[in-house]
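> One file is attached below, run.csv, containing CSV, C-alpha atoms.
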```
chain,number,residue,atom,x,y,z
F,68,MET,CA,239.6,2.4,142.3
F,69,PHE,CA,238.1,3.9,139.2
F,70,PHE,CA,240.9,4.5,136.6
F,71,LEU,CA,239.0,6.4,134.0
F,72,ALA,CA,239.2,10.2,133.5
F,73,ALA,CA,237.3,12.7,135.5
F,74,GLY,CA,237.1,15.1,132.6
F,75,ALA,CA,238.4,18.6,132.3
F,76,ALA,CA,235.7,20.5,134.2
F,77,ILE,CA,237.8,20.7,137.4
F,78,LEU,CA,240.9,22.2,135.7
F,79,LEU,CA,239.2,24.5,133.3
F,80,ALA,CA,236.5,26.1,135.3
F,81,GLY,CA,235.0,26.9,138.6
F,82,CYS,CA,232.0,28.6,140.2
F,83,ASN,CA,234.1,30.9,142.4
F,84,LEU,CA,237.4,32.6,142.1
F,85,GLY,CA,239.1,30.5,144.9
F,86,TYR,CA,238.1,27.3,143.2
F,87,LEU,CA,239.2,28.5,139.8
F,88,ALA,CA,242.5,29.8,141.1
F,89,ARG,CA,243.3,26.4,142.8
F,90,GLY,CA,242.6,24.6,139.5
F,91,ALA,CA,244.8,27.0,137.6
F,92,TYR,CA,247.6,26.5,140.1
F,93,GLU,CA,247.4,22.7,140.0
F,94,GLU,CA,247.3,22.7,136.2
F,95,ALA,CA,250.3,25.1,136.0
F,96,ARG,CA,252.2,22.9,138.5
F,97,ILE,CA,251.6,19.8,136.4
F,98,LEU,CA,252.7,21.5,133.3
F,99,TRP,CA,255.8,23.1,134.8
F,100,ASN,CA,257.1,19.8,136.1
F,101,ARG,CA,256.9,18.0,132.8
F,102,GLN,CA,259.9,16.0,131.6
F,103,PRO,CA,260.3,14.6,128.0
F,104,ILE,CA,259.6,10.9,128.0
F,105,ASP,CA,262.5,10.3,125.6
F,106,ARG,CA,264.8,11.8,128.2
F,107,VAL,CA,263.4,9.8,131.0
F,108,ILE,CA,263.7,6.6,129.0
F,109,ALA,CA,267.4,7.3,128.3
F,110,ASN,CA,268.1,7.2,132.0
F,111,PRO,CA,270.1,3.9,132.5
F,112,GLU,CA,268.9,3.6,136.1
F,113,LEU,CA,265.2,3.4,135.0
F,114,SER,CA,263.6,0.1,135.7
F,115,PRO,CA,262.8,-2.1,132.7
F,116,GLU,CA,259.1,-2.2,133.7
F,117,VAL,CA,258.8,1.6,133.8
F,118,ARG,CA,260.7,1.9,130.5
F,119,ALA,CA,258.4,-0.5,128.8
F,120,ARG,CA,255.3,1.4,130.0
F,121,LEU,CA,256.7,4.7,128.8
F,122,GLN,CA,257.5,3.2,125.5
F,123,THR,CA,254.0,1.9,125.3
F,124,VAL,CA,252.6,5.5,125.9
F,125,LEU,CA,254.7,6.9,123.0
F,126,ALA,CA,253.7,4.0,120.7
F,127,ALA,CA,250.0,4.2,121.6
F,128,ARG,CA,249.9,8.0,121.0
F,129,GLU,CA,251.5,7.5,117.6
F,130,PHE,CA,249.1,4.7,116.7
F,131,ALA,CA,246.1,6.8,117.8
F,132,ARG,CA,247.3,9.6,115.5
F,133,ASP,CA,248.3,7.6,112.5
F,134,GLN,CA,245.9,4.7,112.6
F,135,LEU,CA,242.8,6.0,114.5
F,136,GLY,CA,242.8,9.6,113.3
F,137,LEU,CA,242.8,11.1,116.8
F,138,LYS,CA,244.2,14.6,117.5
F,139,VAL,CA,247.3,14.0,119.4
F,140,GLY,CA,249.3,17.2,119.2
F,141,GLY,CA,252.0,17.3,121.8
F,142,ALA,CA,250.1,15.3,124.4
F,143,TYR,CA,251.8,12.4,126.2
F,144,THR,CA,255.3,13.2,125.0
F,145,THR,CA,256.1,14.2,128.6
F,146,VAL,CA,255.6,12.8,132.0
F,147,THR,CA,255.0,14.6,135.3
F,148,LYS,CA,255.7,13.0,138.6
F,149,VAL,CA,252.9,13.2,141.1
F,150,ASP,CA,253.2,12.2,144.7
F,151,LYS,CA,249.8,10.6,145.3
F,152,GLY,CA,247.6,8.1,143.7
F,153,ALA,CA,244.7,10.4,143.0
F,154,VAL,CA,245.0,13.7,141.3
F,155,ILE,CA,241.4,14.8,141.9
F,156,TYR,CA,238.6,13.7,144.2
F,157,VAL,CA,235.2,13.8,142.4
F,158,VAL,CA,231.9,14.4,144.1
F,159,MET,CA,228.7,13.0,142.6
F,160,ALA,CA,225.1,13.3,143.8
F,161,ALA,CA,221.6,12.3,142.8
F,162,PRO,CA,218.1,12.4,144.4
F,163,ARG,CA,217.3,9.3,146.3
F,164,ASP,CA,214.3,8.5,144.1
F,165,SER,CA,215.9,9.2,140.7
F,166,LEU,CA,218.8,8.2,138.4
F,167,GLU,CA,219.0,11.8,137.2
F,168,PRO,CA,222.3,13.2,138.5
F,169,TYR,CA,222.7,16.5,140.2
F,170,LYS,CA,224.7,18.7,137.8
F,171,TRP,CA,227.1,21.6,138.2
F,172,TRP,CA,227.5,24.2,135.4
F,173,PHE,CA,231.0,25.4,134.3
F,174,PRO,CA,232.2,27.5,131.4
F,175,VAL,CA,233.5,25.5,128.4
F,176,VAL,CA,232.2,22.1,129.4
F,177,GLY,CA,228.7,23.1,130.4
F,178,SER,CA,226.6,21.0,132.8
F,179,VAL,CA,228.5,18.1,134.3
F,180,PRO,CA,227.4,15.5,136.9
F,181,TYR,CA,230.4,16.0,139.2
F,182,ARG,CA,232.5,18.5,140.9
F,183,GLY,CA,236.2,17.9,141.6
F,184,TYR,CA,238.5,18.8,144.4
F,185,PHE,CA,242.3,18.6,144.9
F,186,ASN,CA,241.7,18.1,148.6
F,187,GLN,CA,239.9,14.9,149.8
F,188,ASP,CA,238.6,16.6,153.0
F,189,GLN,CA,236.9,19.3,150.9
F,190,ALA,CA,235.3,16.7,148.7
F,191,ASN,CA,234.1,14.8,151.7
F,192,ALA,CA,232.6,18.0,153.2
F,193,MET,CA,230.7,18.8,150.0
F,194,ALA,CA,229.3,15.2,149.9
F,195,SER,CA,228.3,15.4,153.5
F,196,ALA,CA,226.5,18.7,153.0
F,197,MET,CA,224.6,17.3,150.0
F,198,ASP,CA,223.8,14.1,151.8
F,199,ALA,CA,222.3,16.1,154.7
F,200,THR,CA,219.9,17.8,152.2
F,201,GLY,CA,218.6,14.5,150.9
F,202,TYR,CA,220.9,13.4,148.1
F,203,ASP,CA,222.7,10.2,147.5
F,204,THR,CA,226.4,11.0,147.2
F,205,MET,CA,229.7,9.5,146.5
F,206,VAL,CA,233.4,10.6,146.4
F,207,ARG,CA,235.8,8.8,144.2
F,208,PRO,CA,239.4,9.4,143.2
F,209,ALA,CA,240.4,10.1,139.6
F,210,VAL,CA,243.9,9.5,138.4
F,211,ALA,CA,243.7,10.9,134.9
F,212,PHE,CA,242.2,13.8,133.1
F,213,SER,CA,242.1,15.6,129.8
F,214,SER,CA,242.4,19.3,129.2
F,215,LEU,CA,240.5,18.8,125.9
F,216,GLY,CA,243.4,20.0,123.8
F,217,PHE,CA,243.9,23.3,125.7
F,218,PHE,CA,247.3,22.1,126.8
F,219,ASP,CA,249.8,19.4,125.8
F,220,ASP,CA,248.8,17.0,128.7
F,221,PRO,CA,251.7,15.1,130.2
F,222,LEU,CA,251.4,11.5,131.4
F,223,LEU,CA,251.0,11.5,135.2
F,224,SER,CA,253.4,9.2,136.9
F,225,ASN,CA,250.7,7.4,138.9
F,226,LEU,CA,249.4,5.9,135.6
F,227,LEU,CA,252.7,3.9,135.4
F,228,ARG,CA,251.3,1.5,137.9
F,229,LEU,CA,248.8,0.3,135.3
F,230,ASP,CA,249.8,-2.7,133.1
F,231,ARG,CA,250.5,-2.0,129.4
F,232,VAL,CA,247.0,-3.0,128.2
F,233,GLU,CA,245.2,-0.7,130.7
F,234,LEU,CA,247.7,2.1,130.0
F,235,ALA,CA,247.1,2.0,126.2
F,236,GLY,CA,243.4,2.1,126.8
F,237,VAL,CA,243.6,5.1,129.1
F,238,ILE,CA,245.9,7.1,126.7
F,239,THR,CA,243.5,6.4,123.8
F,240,HIS,CA,240.5,7.3,125.9
F,241,GLU,CA,242.0,10.6,126.8
F,242,LEU,CA,243.1,11.3,123.2
F,243,PHE,CA,239.5,10.9,122.1
F,244,HIS,CA,238.5,13.6,124.6
F,245,ARG,CA,241.2,15.8,123.0
F,246,THR,CA,239.7,15.0,119.5
F,247,TYR,CA,236.0,15.6,120.3
F,248,PHE,CA,234.0,16.8,123.3
F,249,LEU,CA,230.3,17.5,123.4
F,250,PRO,CA,229.5,20.1,126.1
F,251,SER,CA,226.9,19.2,128.7
F,252,ASN,CA,226.8,15.5,127.7
F,253,VAL,CA,229.3,13.8,129.9
F,254,MET,CA,227.6,10.4,129.6
F,255,PHE,CA,228.1,10.4,125.8
F,256,ASP,CA,231.6,11.9,126.1
F,257,GLU,CA,232.8,9.3,128.6
F,258,SER,CA,231.0,6.3,127.1
F,259,ALA,CA,232.3,7.1,123.6
F,260,ALA,CA,235.8,7.6,125.0
F,261,ASN,CA,235.6,4.4,127.0
F,262,TRP,CA,234.6,2.4,123.8
F,263,VAL,CA,237.2,4.1,121.7
F,264,GLY,CA,239.9,3.7,124.4
F,265,ASN,CA,239.5,0.0,124.9
F,266,ARG,CA,238.6,-0.9,121.3
F,267,GLY,CA,241.6,1.2,120.2
F,268,ALA,CA,243.8,-0.7,122.6
F,269,VAL,CA,242.8,-4.0,121.0
F,270,GLU,CA,243.6,-2.6,117.6
F,271,PHE,CA,246.9,-1.2,118.8
F,272,PHE,CA,248.2,-4.5,120.1
F,273,ARG,CA,246.8,-6.5,117.2
F,274,GLN,CA,248.6,-4.4,114.7
F,275,THR,CA,251.8,-4.0,116.6
F,276,GLU,CA,252.2,-7.4,118.2
F,277,GLY,CA,249.9,-9.8,116.3
F,278,GLU,CA,246.4,-11.3,116.5
F,279,ASN,CA,247.4,-13.9,119.1
F,280,SER,CA,249.8,-12.0,121.3
F,281,ALA,CA,249.2,-12.0,125.0
F,282,ASP,CA,248.5,-8.3,125.1
F,283,THR,CA,246.0,-8.5,122.2
F,284,ILE,CA,244.2,-11.3,123.9
F,285,ALA,CA,244.2,-9.4,127.2
F,286,ALA,CA,243.0,-6.2,125.5
F,287,ARG,CA,240.2,-8.1,123.8
F,288,GLY,CA,239.2,-9.6,127.1
F,289,VAL,CA,238.9,-6.1,128.6
F,290,TYR,CA,236.8,-4.9,125.7
F,291,ASP,CA,234.5,-7.9,125.8
F,292,SER,CA,234.1,-7.5,129.5
F,293,ASP,CA,233.1,-3.8,129.0
F,294,LEU,CA,230.3,-4.9,126.8
F,295,ARG,CA,229.1,-7.5,129.3
F,296,PHE,CA,229.3,-5.0,132.2
F,297,ALA,CA,227.4,-2.4,130.1
F,298,HIS,CA,224.6,-4.9,129.5
F,299,PHE,CA,224.5,-5.7,133.3
F,300,LEU,CA,224.2,-2.0,134.1
F,301,LEU,CA,221.4,-1.6,131.6
F,302,GLN,CA,219.4,-4.3,133.4
F,303,ALA,CA,220.2,-2.7,136.8
F,304,GLN,CA,219.1,0.7,135.6
F,305,ALA,CA,215.8,-0.7,134.2
F,306,LYS,CA,215.1,-2.4,137.6
F,307,LEU,CA,215.5,0.9,139.5
F,308,ILE,CA,213.6,3.0,136.9
F,309,ARG,CA,210.5,0.8,137.3
F,310,ILE,CA,210.6,1.5,141.0
F,311,TYR,CA,211.2,5.2,140.7
F,312,ALA,CA,208.5,5.6,138.0
F,313,SER,CA,205.9,3.9,140.1
F,314,GLU,CA,203.1,5.7,142.0
F,315,LEU,CA,204.1,4.2,145.3
F,316,SER,CA,204.7,6.3,148.4
F,317,LYS,CA,208.2,7.7,148.8
F,318,ASP,CA,208.8,5.5,151.8
F,319,GLU,CA,207.9,2.4,149.8
F,320,VAL,CA,210.0,3.5,146.9
F,321,LEU,CA,213.0,3.9,149.2
F,322,ARG,CA,212.3,0.5,150.8
F,323,ARG,CA,212.1,-1.3,147.5
F,324,ARG,CA,215.2,0.4,146.1
F,325,GLU,CA,217.2,-1.0,149.0
F,326,VAL,CA,216.0,-4.5,148.0
F,327,ALA,CA,216.9,-3.8,144.4
F,328,PHE,CA,220.4,-2.6,145.4
F,329,GLN,CA,221.1,-5.8,147.3
F,330,GLU,CA,219.9,-7.8,144.2
F,331,ILE,CA,222.1,-5.8,141.9
F,332,LYS,CA,225.1,-6.4,144.2
F,333,ALA,CA,224.4,-10.1,144.4
F,334,ASP,CA,224.1,-10.3,140.6
F,335,TYR,CA,227.3,-8.5,140.1
F,336,ALA,CA,229.1,-10.8,142.5
F,337,LYS,CA,228.1,-13.7,140.2
F,338,LEU,CA,229.2,-11.8,137.1
F,339,LYS,CA,232.5,-10.4,138.4
F,340,PRO,CA,234.7,-13.6,138.1
F,341,ALA,CA,233.9,-13.7,134.4
F,342,LEU,CA,235.0,-10.1,133.8
F,343,SER,CA,238.5,-9.2,132.7
F,344,GLY,CA,240.2,-5.9,133.4
F,345,LEU,CA,237.5,-4.7,135.7
F,346,GLU,CA,239.2,-5.7,139.0
F,347,ARG,CA,239.1,-2.1,140.0
F,348,PHE,CA,235.3,-2.3,140.4
F,349,ASP,CA,233.9,-3.2,143.8
F,350,LEU,CA,230.2,-2.8,142.9
F,351,ASP,CA,229.5,-5.9,145.0
F,352,LYS,CA,231.3,-4.6,148.1
F,353,GLU,CA,230.9,-0.8,148.2
F,354,PRO,CA,227.7,0.8,149.6
F,355,LEU,CA,225.4,1.2,146.6
F,356,ASN,CA,223.2,4.2,145.9
F,357,ASN,CA,222.0,6.2,142.9
F,358,ALA,CA,225.1,8.4,142.7
F,359,VAL,CA,227.4,5.3,142.7
F,360,LEU,CA,225.3,3.6,140.0
F,361,ILE,CA,225.3,6.8,137.9
F,362,ASN,CA,229.0,6.9,138.2
F,363,TYR,CA,229.2,3.6,136.3
F,364,LEU,CA,226.4,4.4,133.9
F,365,ILE,CA,228.3,7.4,132.7
F,366,TYR,CA,231.1,5.3,131.4
F,367,PHE,CA,229.2,2.3,130.1
F,368,HIS,CA,226.1,3.6,128.4
F,369,GLU,CA,224.9,1.7,125.3
F,370,LEU,CA,228.3,0.4,124.3
F,371,ASP,CA,226.6,-2.2,122.2
F,372,ASN,CA,225.6,0.5,119.8
F,373,PHE,CA,229.1,1.7,119.3
F,374,ALA,CA,230.1,-2.0,118.6
F,375,ALA,CA,227.2,-2.2,116.1
F,376,LEU,CA,228.4,0.9,114.4
F,377,GLU,CA,231.8,-0.7,114.0
F,378,ARG,CA,230.2,-3.7,112.3
F,379,ILE,CA,228.5,-1.4,109.8
F,380,ASN,CA,232.0,0.0,109.1
F,381,HIS,CA,233.2,-3.6,108.5
F,382,GLY,CA,235.5,-3.6,111.5
F,383,ASP,CA,237.3,-0.4,110.5
F,384,VAL,CA,237.9,1.3,113.9
F,385,ARG,CA,239.2,4.6,112.4
F,386,ALA,CA,236.1,4.9,110.3
F,387,THR,CA,233.9,4.1,113.3
F,388,ILE,CA,235.5,6.8,115.4
F,389,ALA,CA,234.9,9.3,112.6
F,390,SER,CA,231.3,8.1,112.4
F,391,ILE,CA,230.8,8.5,116.1
F,392,ILE,CA,232.0,12.1,115.9
F,393,ASP,CA,230.0,12.9,112.8
F,394,ILE,CA,226.8,11.5,114.3
F,395,ALA,CA,227.3,13.4,117.6
F,396,LYS,CA,227.8,16.6,115.6
F,397,ALA,CA,224.6,16.0,113.7
F,398,HIS,CA,222.6,15.0,116.8
F,399,PRO,CA,224.1,17.2,119.6
F,400,ASP,CA,220.9,17.0,121.7
F,401,ASP,CA,220.8,13.2,121.7
F,402,PRO,CA,223.9,11.5,120.1
F,403,PHE,CA,223.0,8.1,121.6
F,404,TYR,CA,219.7,8.2,119.6
F,405,GLY,CA,221.7,9.2,116.5
F,406,ILE,CA,223.9,6.2,116.9
F,407,TRP,CA,221.0,3.9,117.6
F,408,GLU,CA,219.2,5.2,114.5
F,409,ALA,CA,222.3,4.7,112.3
F,410,THR,CA,222.7,1.1,113.5
F,411,SER,CA,219.1,0.1,113.5
F,412,SER,CA,218.2,1.5,110.1
F,413,THR,CA,221.1,-0.1,108.2
F,414,ALA,CA,220.8,-3.8,107.6
F,415,PRO,CA,224.0,-5.8,108.2
F,416,ASN,CA,225.7,-7.2,105.1
```
Just dump the structure as structure tokens.

Amino acid sequence: MFFLAAGAAILLAGCNLGYLARGAYEEARILWNRQPIDRVIANPELSPEVRARLQTVLAAREFARDQLGLKVGGAYTTVTKVDKGAVIYVVMAAPRDSLEPYKWWFPVVGSVPYRGYFNQDQANAMASAMDATGYDTMVRPAVAFSSLGFFDDPLLSNLLRLDRVELAGVITHELFHRTYFLPSNVMFDESAANWVGNRGAVEFFRQTEGENSADTIAARGVYDSDLRFAHFLLQAQAKLIRIYASELSKDEVLRRREVAFQEIKADYAKLKPALSGLERFDLDKEPLNNAVLINYLIYFHELDNFAALERINHGDVRATIASIIDIAKAHPDDPFYGIWEATSSTAPN
């Protein structure tokens, strides 16, 4: 299961009144059922494991505010019980000979490469319809979201199944969305939030528990694995782009891409045992197509350049987050290029 955020498009917008009304209803239901985390923690019948996770949420949000400079507001001071593992089912699509995703346009967030449903059958129906017209498709569950600061988002109870390291990363990820969001550039928004979330989790545990604590070591393992996985995806992307950019017939392109998909899956199967914190990924087992690969690329694009920006900032994570936002504001059309330019034009000390 993919535990990262789906984004706010599903809850903030829609292309018809029925879709929008359902999103508004679900958001209102989530907000109406909020309970203060402090009150829940005070319940003597609460299990120690759940209490520890809720305390981690409160501590992580305070750390994000005080040490990372993120805009926290009243987010994650409450918890809402949800009765299912997935809150939203996300549909993604792409042409069979391209890694350019199909995009839907919504108010506020602009063009996004997914459409979300609260009903899995509706999501599957949309995917089937697009598949019938010649697109690669996928449907995936999403268990977290951000309203981008429009509301004081509660913690959803399904996230309490995560361990403390994953939970701190998700909370920090979502708080970055609350702090900064670039409309119509989901790949930047999610990759930046992914880097900030997992790098922020390392810093959270390092400063609160110590350099060599088990949680710090685990968080660092997740972060390092993210960078390795991002590099793997870059190679996979390059392999497919060479095929799609060729002048071969469409039938030959489709034949060669299937060979490439099998090679990518085999390579990932070799890499997977060395990755930490990525157990939720089944790239070696699930059917692979362009939509599936784009789903991963959205969250792991050019993470090395974010890390390089941190080195320029002498390991100061708060300063690096501020730099990411400043560069994105200065280069809204291509923030990845802006970060690459900033890291390549400055010689390391």
> Wanna dump the region 189-215 of chain F-region 134-152 of chain F contacts at 9 Å for me, each residue with its shortest atom pair and the distance in Å to one decimal, counting only C-alpha atoms, ordered by chain and number, as CSV?

```
residue,atom,partner,partner_atom,distance
F:Pro208,CA,F:Gly152,CA,8.3
F:Ala209,CA,F:Gly152,CA,8.5
F:Val210,CA,F:Gly152,CA,6.6
```
> So that I have them on file, write out the residues from the current selection with C-alpha atoms, as a PDB file, in the frame of the given file.

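In the end it all went to selection.pdb:
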```pdb
ATOM      1  CA  PRO F 208     239.400   9.400 143.200  1.00  0.00           C
ATOM      2  CA  ALA F 209     240.400  10.100 139.600  1.00  0.00           C
ATOM      3  CA  VAL F 210     243.900   9.500 138.400  1.00  0.00           C
TER       4      VAL F 210
END
```
> What separation in Å, quoted to one decimal, exists between CA of Met205 (chain F) and CA of Met159 (chain F)?
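Going from CA of Met205 (chain F) over to CA of Met159 (chain F) covers 5.3 Å.
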> Which residues are close to region 356-364 of chain F, i.e. within 9 Å by only C-alpha atoms, leaving aside same-chain residues fewer than 4 positions away? Reply as JSON, numbers by chain.
{"F": [159, 160, 161, 162, 163, 164, 165, 166, 167, 168, 169, 180, 202, 203, 204, 205, 206, 254, 258, 297, 300, 301, 303, 304, 324, 325, 328, 350, 368]}
> Let's have the selection written as an mmCIF file, in the frame of the given file, with C-alpha atoms.

```cif
data_model
loop_
_atom_site.group_PDB
_atom_site.id
_atom_site.type_symbol
_atom_site.label_atom_id
_atom_site.label_comp_id
_atom_site.auth_asym_id
_atom_site.auth_seq_id
_atom_site.Cartn_x
_atom_site.Cartn_y
_atom_site.Cartn_z
ATOM 1 C CA MET F 159 228.700 13.000 142.600
ATOM 2 C CA ALA F 160 225.100 13.300 143.800
ATOM 3 C CA ALA F 161 221.600 12.300 142.800
ATOM 4 C CA PRO F 162 218.100 12.400 144.400
ATOM 5 C CA ARG F 163 217.300 9.300 146.300
ATOM 6 C CA ASP F 164 214.300 8.500 144.100
ATOM 7 C CA SER F 165 215.900 9.200 140.700
ATOM 8 C CA LEU F 166 218.800 8.200 138.400
ATOM 9 C CA GLU F 167 219.000 11.800 137.200
ATOM 10 C CA PRO F 168 222.300 13.200 138.500
ATOM 11 C CA TYR F 169 222.700 16.500 140.200
ATOM 12 C CA PRO F 180 227.400 15.500 136.900
ATOM 13 C CA TYR F 202 220.900 13.400 148.100
ATOM 14 C CA ASP F 203 222.700 10.200 147.500
ATOM 15 C CA THR F 204 226.400 11.000 147.200
ATOM 16 C CA MET F 205 229.700 9.500 146.500
ATOM 17 C CA VAL F 206 233.400 10.600 146.400
ATOM 18 C CA MET F 254 227.600 10.400 129.600
ATOM 19 C CA SER F 258 231.000 6.300 127.100
ATOM 20 C CA ALA F 297 227.400 -2.400 130.100
ATOM 21 C CA LEU F 300 224.200 -2.000 134.100
ATOM 22 C CA LEU F 301 221.400 -1.600 131.600
ATOM 23 C CA ALA F 303 220.200 -2.700 136.800
ATOM 24 C CA GLN F 304 219.100 0.700 135.600
ATOM 25 C CA ARG F 324 215.200 0.400 146.100
ATOM 26 C CA GLU F 325 217.200 -1.000 149.000
ATOM 27 C CA PHE F 328 220.400 -2.600 145.400
ATOM 28 C CA LEU F 350 230.200 -2.800 142.900
ATOM 29 C CA HIS F 368 226.100 3.600 128.400
#
```
> Have a look at CA of Asn261 (chain F) and CA of Val289 (chain F) and let me know their distance in Å, one decimal.
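Taking CA of Asn261 (chain F) as the start and CA of Val289 (chain F) as the end point, the length is 11.1 Å.
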> Go through F:Asp293, F:Asp282, F:Asp349, F:Asp334 one by one, measure the shortest atom-to-atom distance of each to Phe373 (chain F) using only C-alpha atoms, and give the residue with the smallest value.
F:Asp293
> Write out as a list in words which residues come within 8 Å of Val232 (chain F) when counting all atoms listed in the file, dropping same-chain ones fewer than 3 positions away.
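My list of contacting residues is Ala235, Gly236, Ala268, Asp282, Ala285 and Ala286 of chain F.
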> In Å, with one decimal, what is the gap from CA of Leu342 (chain F) to CA of Thr239 (chain F)?
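Separating CA of Leu342 (chain F) from CA of Thr239 (chain F) is a distance of 21.1 Å.
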> Measuring atom to atom with only C-alpha atoms, identify which of F:Gly177, F:Pro250, F:Pro221, F:Pro399 is nearest to Arg101 (chain F).
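For Arg101 (chain F), the nearest of the candidates is F:Pro221.
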> Given the point (235.8, -6.2, 126.5) in the file's coordinates, find the residues that have an atom at most 12 Å from it, counting only C-alpha atoms, and give them as a ChimeraX atom specification.
/F:232-233,236,261-269,283-298,341-345,367,370-371,374
> Next, write the just-selected residues to a file, as a short mmCIF file (atom, residue, chain, number, x, y, z; two decimals), in the frame of the given file, keeping C-alpha atoms as the atom set.

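Output file part_1.cif is given in full below:
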```
data_model
loop_
_atom_site.label_atom_id
_atom_site.label_comp_id
_atom_site.auth_asym_id
_atom_site.auth_seq_id
_atom_site.Cartn_x
_atom_site.Cartn_y
_atom_site.Cartn_z
CA VAL F 232 247.00 -3.00 128.20
CA GLU F 233 245.20 -0.70 130.70
CA GLY F 236 243.40 2.10 126.80
CA ASN F 261 235.60 4.40 127.00
CA TRP F 262 234.60 2.40 123.80
CA VAL F 263 237.20 4.10 121.70
CA GLY F 264 239.90 3.70 124.40
CA ASN F 265 239.50 0.00 124.90
CA ARG F 266 238.60 -0.90 121.30
CA GLY F 267 241.60 1.20 120.20
CA ALA F 268 243.80 -0.70 122.60
CA VAL F 269 242.80 -4.00 121.00
CA THR F 283 246.00 -8.50 122.20
CA ILE F 284 244.20 -11.30 123.90
CA ALA F 285 244.20 -9.40 127.20
CA ALA F 286 243.00 -6.20 125.50
CA ARG F 287 240.20 -8.10 123.80
CA GLY F 288 239.20 -9.60 127.10
CA VAL F 289 238.90 -6.10 128.60
CA TYR F 290 236.80 -4.90 125.70
CA ASP F 291 234.50 -7.90 125.80
CA SER F 292 234.10 -7.50 129.50
CA ASP F 293 233.10 -3.80 129.00
CA LEU F 294 230.30 -4.90 126.80
CA ARG F 295 229.10 -7.50 129.30
CA PHE F 296 229.30 -5.00 132.20
CA ALA F 297 227.40 -2.40 130.10
CA HIS F 298 224.60 -4.90 129.50
CA ALA F 341 233.90 -13.70 134.40
CA LEU F 342 235.00 -10.10 133.80
CA SER F 343 238.50 -9.20 132.70
CA GLY F 344 240.20 -5.90 133.40
CA LEU F 345 237.50 -4.70 135.70
CA PHE F 367 229.20 2.30 130.10
CA LEU F 370 228.30 0.40 124.30
CA ASP F 371 226.60 -2.20 122.20
CA ALA F 374 230.10 -2.00 118.60
#
```
> Here is a test: counting only C-alpha atoms, which residue of F:Leu249, F:Ala196, F:Leu321, F:Ala119 is nearest to Ala397 (chain F)?
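Nearest to Ala397 (chain F): F:Leu249.
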> Leaving out Arg120 (chain F) and any residue of its chain fewer than 2 positions from it, which residues lie within 8 Å of it when counting all atoms listed in the file, given as a compact mmCIF listing (two decimals) with C-alpha atoms, in the frame of the given file?

```txt
# COMPACT_ATOMS: atom_id res chain seq x y z
CA GLU F 116 259.10 -2.20 133.70
CA VAL F 117 258.80 1.60 133.80
CA ARG F 118 260.70 1.90 130.50
CA GLN F 122 257.50 3.20 125.50
CA THR F 123 254.00 1.90 125.30
CA VAL F 124 252.60 5.50 125.90
CA LEU F 227 252.70 3.90 135.40
CA ASP F 230 249.80 -2.70 133.10
CA ARG F 231 250.50 -2.00 129.40
CA LEU F 234 247.70 2.10 130.00
```
> For each of F:Ile331, F:Ser280, F:Leu376, F:Lys317, take the minimum atom-to-atom distance to Ala305 (chain F), counting all atoms listed in the file, then give the residue where this is smallest.
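Among F:Ile331, F:Ser280, F:Leu376, F:Lys317, it is F:Ile331 that comes nearest to Ala305 (chain F).
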> Identify, on the basis of all atoms listed in the file, every residue whose closest approach to Val107 (chain F) does not exceed 10 Å; exclude the query and any residue fewer than 2 positions from it along the same chain; express the result as a ChimeraX atom specification.
/F:102-105,109-113,117-118,121,145-146
